[in-house]
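Enquirer: Submitted below is the structure of interest, expressed as structure tokens.
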Amino acid sequence: MPGFGNPFYPARDWRDVANCVAAHARSNALPRAFSMYNEPLAHWKGSHAELVDYARAVRAGLKSVSPDYLVGGPGLYSIRIGDLEKLAQAGLLDVIDFIDMHAYVGGTPPEADFLDNLLALTGWLEAKGRRDKPVYLTEFGWTAAAGTWQPHVDRWTQTQYVARSLALGWSVGIDAMIYFVLDYRTKNSGEAAFSLFDEQGRPQPGYAAFSTVSKWFAGSTPIGHFTLTPTTHLVLGRRDDTLQMGLWTTAGAETIRLPFAITRAVDLLGKPVALAQPLTVTPDPLFLEAPADGLRDLPVLPKIAGCDPSAVSDSDPFWPLEAMGTAPATLRSGSYAAFSKQDGRWRLLPFELVAPVHLESLEFKWPADAPHPRLVATLQSNVAGTTQAETIGLADKPEKKVRLELPPHGRRIVHFNMTDAIPGRRNQTTVVRKSADGRTVEHVIEWTALAATPLANPGDWAEFSDWAPFGEVANTPDFDDCRGSLRLMHSDAGLHLQIRVTDDEHHQTNARGDLKDLWQQDSLQIGFDMDVLKPWEAGFAGADASSTLGGHRIFEFAVAGAADGASTNGVAYIQISHDAALPADTARHHVRVAVAREGNVTVYQLDFPWDQLGVASPLKPGEAFGFALAVNDIDPGRKARRHGLRLFDGIVNEKSPRQYGPVWLRR
């Protein structure tokens, strides 16, 4: 596999590339299978079609030496269906022998984005009629320490994720998986903690989990992955006449029965477990064996939704969670399943349990003319024929309680005015619902009140220093290293930001040098989502012709200035862009940046014209845009590493515009 780390350009003559590859293959003992390149889009300076030309040249060079060589690709750093589609349109699937992909996610559990991405990939190949191509995941993993791009988990959670991700990949037909990483020694603690060996070379629990899963499913044919309750997952396969299973929950413990005679069980570390049904199932997977008794597949019938599980097509279904058959009213809403045997053949009957009343949405809003922001709860009745009574209120404000009566299949909307909201302060509110039979359900929402006022009437400064500082500062305990506040305004011309950063040192040399490194010194990083109120479309980066991210125009700017004393012109450099008209890695000279030092305070005055945010006409009062801010701070005098402040997530540690927060335009 070619190395990476430098800019990667199209060749003037692809025959030269093929000849170089052939010469290398003739003069070295090489493995049979190759990836065309490692994470090419991180460094590629050409088009998708030219990247396929590169793959074609690599293939030609290898095959000229031996037809037995295999070429895989595209080796992207995550499963990105939009980029895959563009590469396929340029002919990639006719060039490569196997699909090689990395499958990193943003620290989320394997049952979330990781599994969704695998299903998206295999589904895309099915739609292309190319599911015959082997699929290899050549890198994926979770780190157990802070310090890198991926939010970290603890060592035991990493162990659980190792086992569950491998089991899930096997169950959906992934042909090979290479976990990152066995033993990686590096100064970056977050990068090093992907390792399943520690810094002293000692195996961590994740290593034992990797070994357990690899051996348990070796030589088995997968049957599939199945959801038995909202939190319980079963993977199922077969070796000869023995069923191979993995069973776990994503949260808490469940008491589960299976309709199979379990003959052997081990835990995620491979230790034998003496089990009798029902099984106590937790996020630590159990691996089980049972006689297959002729079972070769497990057909899944169409899902039924309702309040009464007896609506399934079997008069005597086998519910893994017994309460589904005896007391469904005590269970939370979500996806459940029953086993059913018909003509000696097992089937799975999925059922979506719906509560008599459910919370359809819980949103934070700030109407243009409202003096205060609001929490807006929408409740929906799922029952025909009878009226449902429900009480809803805020846990920390007993006076804010409303009793509702919902007519059959009716809807009610409740507004809670948040009169004590402080701009820039992070809040967590618990909404409590109580039904007529006394059952209580809680819903938690995080919100931050932030508004853009008219330019002619600036609002209050929003102090955000405590929202979520990041990094570590080696200072005396009582030293207040960095504080921040901002105001946002709007006009027909664009968005206007004033940001004040209190910091005893201002160090920025890259503003007059390499702009791509602005963020590594004292600077701002600002994210905008100009479509924050729109739903996210299916797919991944580049899934549509406009290069938007799920239908959203997303931008991330780095902003900085030397600020030697008096006000100086700084620079706005666009780091990430999901609008083809505003390319990334360019300075945006139409964005006005003034930076000044006033004692220990750095003052930024920023003016973003609407067209520099991909907007053809000004946003109107009552509308909103997504926003995230990171204040980067380095202190060479104290030898402090990069640290700082943030307002909303999505920039630091993980590039995730879905975590941006809304800024509401006021009149």
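Please note that chains go A, B, ... in the order of the structure tokens, that every chain numbers its residues from 1, and that ligands are numbered from 1 in the order shown.
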Just list as an NGL selection string whatever in segment 37-195 of chain A DSSP marks as strand (DSSP E or B).

Expert: :A and (44 or 70-74 or 98-102 or 135-139 or 176-177)

Enquirer: I need the chosen residues saved as a JSON list (two decimals), in the first residue's frame, with C-alpha atoms.

Expert:
[["chain", "number", "residue", "atom", "x", "y", "z"],
["A", 44, "TRP", "CA", -5.50, 14.29, -3.49],
["A", 70, "LEU", "CA", -5.20, -7.93, -6.33],
["A", 71, "VAL", "CA", -5.95, -4.21, -6.11],
["A", 72, "GLY", "CA", -8.43, -2.74, -3.63],
["A", 73, "GLY", "CA", -9.79, 0.73, -3.10],
["A", 74, "PRO", "CA", -10.61, 3.49, -2.66],
["A", 98, "PHE", "CA", -12.11, -5.68, -3.74],
["A", 99, "ILE", "CA", -13.60, -2.80, -1.75],
["A", 100, "ASP", "CA", -11.09, -1.39, 0.74],
["A", 101, "MET", "CA", -12.51, 1.15, 3.18],
["A", 102, "HIS", "CA", -11.75, 2.64, 6.55],
["A", 135, "VAL", "CA", -15.47, -5.83, 1.27],
["A", 136, "TYR", "CA", -12.47, -5.29, 3.54],
["A", 137, "LEU", "CA", -12.43, -2.78, 6.39],
["A", 138, "THR", "CA", -8.72, -1.99, 6.60],
["A", 139, "GLU", "CA", -8.91, 0.49, 9.49],
["A", 176, "ALA", "CA", -12.36, -9.01, 6.45],
["A", 177, "MET", "CA", -11.76, -6.45, 9.20]]

Enquirer: Extract the full set of alpha helix (DSSP H) residues from segment 300-433 of chain A according to DSSP on the backbone, and format it as a VMD selection string.

Expert: chain A and resid 323 to 326

Enquirer: Quick one: pull the distance between atom CA of Asn569 of chain A and atom CA of Arg666 of chain A, Å, one decimal.

Expert: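 Going from atom CA of Asn569 of chain A over to atom CA of Arg666 of chain A covers 29.0 Å.
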
Enquirer: Which residues come within 9 Å of Val162 of chain A, counting only C-alpha atoms, excluding same-chain residues fewer than 6 positions away, as a VMD selection string?

Expert: chain A and resid 110 141 to 142 179 206 to 207 209 to 210 213

Enquirer: Please identify all polymer residues within 7 Å of Gln508 of chain A, counting only C-alpha atoms, omitting same-chain residues fewer than 3 positions from it, and present them as a VMD selection string.

Expert: chain A and resid 511 521 to 522 561 to 562

Enquirer: Next, write the just-selected residues to a file, as a PDB file, in the first residue's frame, keeping N, CA and C atoms as the atom set.

Expert:
ATOM      1  N   ALA A 511      -0.426  34.145  10.403  1.00  0.00           N
ATOM      2  CA  ALA A 511      -1.297  35.053   9.649  1.00  0.00           C
ATOM      3  C   ALA A 511      -0.534  35.745   8.530  1.00  0.00           C
ATOM      4  N   GLN A 521      -2.140  28.359  16.316  1.00  0.00           N
ATOM      5  CA  GLN A 521      -1.733  29.421  17.230  1.00  0.00           C
ATOM      6  C   GLN A 521      -2.979  30.198  17.658  1.00  0.00           C
ATOM      7  N   ASP A 522      -2.796  31.329  18.338  1.00  0.00           N
ATOM      8  CA  ASP A 522      -3.943  32.088  18.828  1.00  0.00           C
ATOM      9  C   ASP A 522      -4.824  32.499  17.649  1.00  0.00           C
ATOM     10  N   GLY A 561      -5.123  37.204  13.307  1.00  0.00           N
ATOM     11  CA  GLY A 561      -4.347  38.384  12.958  1.00  0.00           C
ATOM     12  C   GLY A 561      -3.175  38.505  13.897  1.00  0.00           C
ATOM     13  N   ALA A 562      -2.109  39.147  13.434  1.00  0.00           N
ATOM     14  CA  ALA A 562      -0.915  39.281  14.268  1.00  0.00           C
ATOM     15  C   ALA A 562      -1.176  40.143  15.489  1.00  0.00           C
TER      16      ALA A 562
END

Enquirer: Can you pull out the residues contacting Ala192 of chain A? Cut-off 12 Å, using only C-alpha atoms, and skip same-chain residues under 3 positions away; I want them as a PyMOL selection string.

Expert: chain A and resi 141-148+152+180-189+195-201

Enquirer: When you look at Gly551 of chain A with a cut-off of 6 Å (counting only C-alpha atoms), what residues show up, excluding the ones that are within fewer than 2 positions of it in the same chain? I need them as a PyMOL selection string.

Expert: chain A and resi 537+548-549

Enquirer: At most 12 Å is the cut-off: for each residue in segment 364-464 of chain A with any atom that close to an atom of segment 640-655 of chain A, write down the nearest atom pair and the distance in Å rounded to one decimal, counting only C-alpha atoms, chain first then increasing number, as a tab-separated table.

Expert:
residue	atom	partner	partner_atom	distance
A:Pro423	CA	A:Leu647	CA	11.1
A:Gly424	CA	A:Leu647	CA	7.5
A:Arg425	CA	A:Leu647	CA	9.1
A:Arg426	CA	A:Phe648	CA	8.8
A:Asn427	CA	A:Phe648	CA	11.7
A:Glu446	CA	A:Phe648	CA	10.8
A:Trp447	CA	A:Phe648	CA	9.7
A:Thr448	CA	A:Phe648	CA	8.4
A:Ala449	CA	A:Phe648	CA	11.1
A:Leu450	CA	A:Leu647	CA	10.1
A:Ala462	CA	A:Leu647	CA	10.2
A:Glu463	CA	A:Leu647	CA	9.7
A:Phe464	CA	A:Leu647	CA	6.3

Enquirer: Based on the selection just made, write C-alpha atoms of those residues as a PDB file, in the first residue's frame.

Expert:
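Printed below is result.pdb as written:
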ATOM      1  CA  PRO A 423     -26.978  34.271  26.327  1.00  0.00           C
ATOM      2  CA  GLY A 424     -24.086  31.862  25.804  1.00  0.00           C
ATOM      3  CA  ARG A 425     -24.801  29.734  28.879  1.00  0.00           C
ATOM      4  CA  ARG A 426     -25.123  25.978  28.446  1.00  0.00           C
ATOM      5  CA  ASN A 427     -28.342  24.549  29.906  1.00  0.00           C
ATOM      6  CA  GLU A 446     -29.549  20.622  26.088  1.00  0.00           C
ATOM      7  CA  TRP A 447     -29.813  24.172  24.799  1.00  0.00           C
ATOM      8  CA  THR A 448     -27.938  27.451  24.638  1.00  0.00           C
ATOM      9  CA  ALA A 449     -29.670  30.766  23.982  1.00  0.00           C
ATOM     10  CA  LEU A 450     -27.831  32.735  21.306  1.00  0.00           C
ATOM     11  CA  ALA A 462     -22.656  36.537  25.565  1.00  0.00           C
ATOM     12  CA  GLU A 463     -20.032  35.239  27.993  1.00  0.00           C
ATOM     13  CA  PHE A 464     -19.106  31.697  26.928  1.00  0.00           C
TER      14      PHE A 464
END

Enquirer: Please measure the separation of atom CA of Glu50 of chain A and atom CA of Arg80 of chain A, giving the value in Å to one decimal.

Expert: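 Computed distance, atom CA of Glu50 of chain A to atom CA of Arg80 of chain A, equals 18.0 Å.
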
Enquirer: When you draw a straight line from atom CA of Val432 of chain A to atom CA of Thr378 of chain A, how long is it in Å?

Expert: 13.1 Å

Enquirer: Counting only C-alpha atoms, what is within 9 Å of Glu322 of chain A, bar same-chain residues fewer than 4 positions away, as a ChimeraX atom specification?

Expert: /A:255-257,318,326-327

Enquirer: Using only C-alpha atoms, which residue out of A:Gly459, A:Gly393, A:Gly614, A:Pro350 lies closest to Arg433 of chain A?

Expert: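 Looking only at the distances to Arg433 of chain A, the closest residue turns out to be A:Gly393.
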
Enquirer: For Trp610 of chain A, which of A:Gly306, A:Gly494, A:Gly622, A:Pro636 is the closest residue, counting only C-alpha atoms?

Expert: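 That would be A:Gly494, the residue with the smallest distance to Trp610 of chain A.
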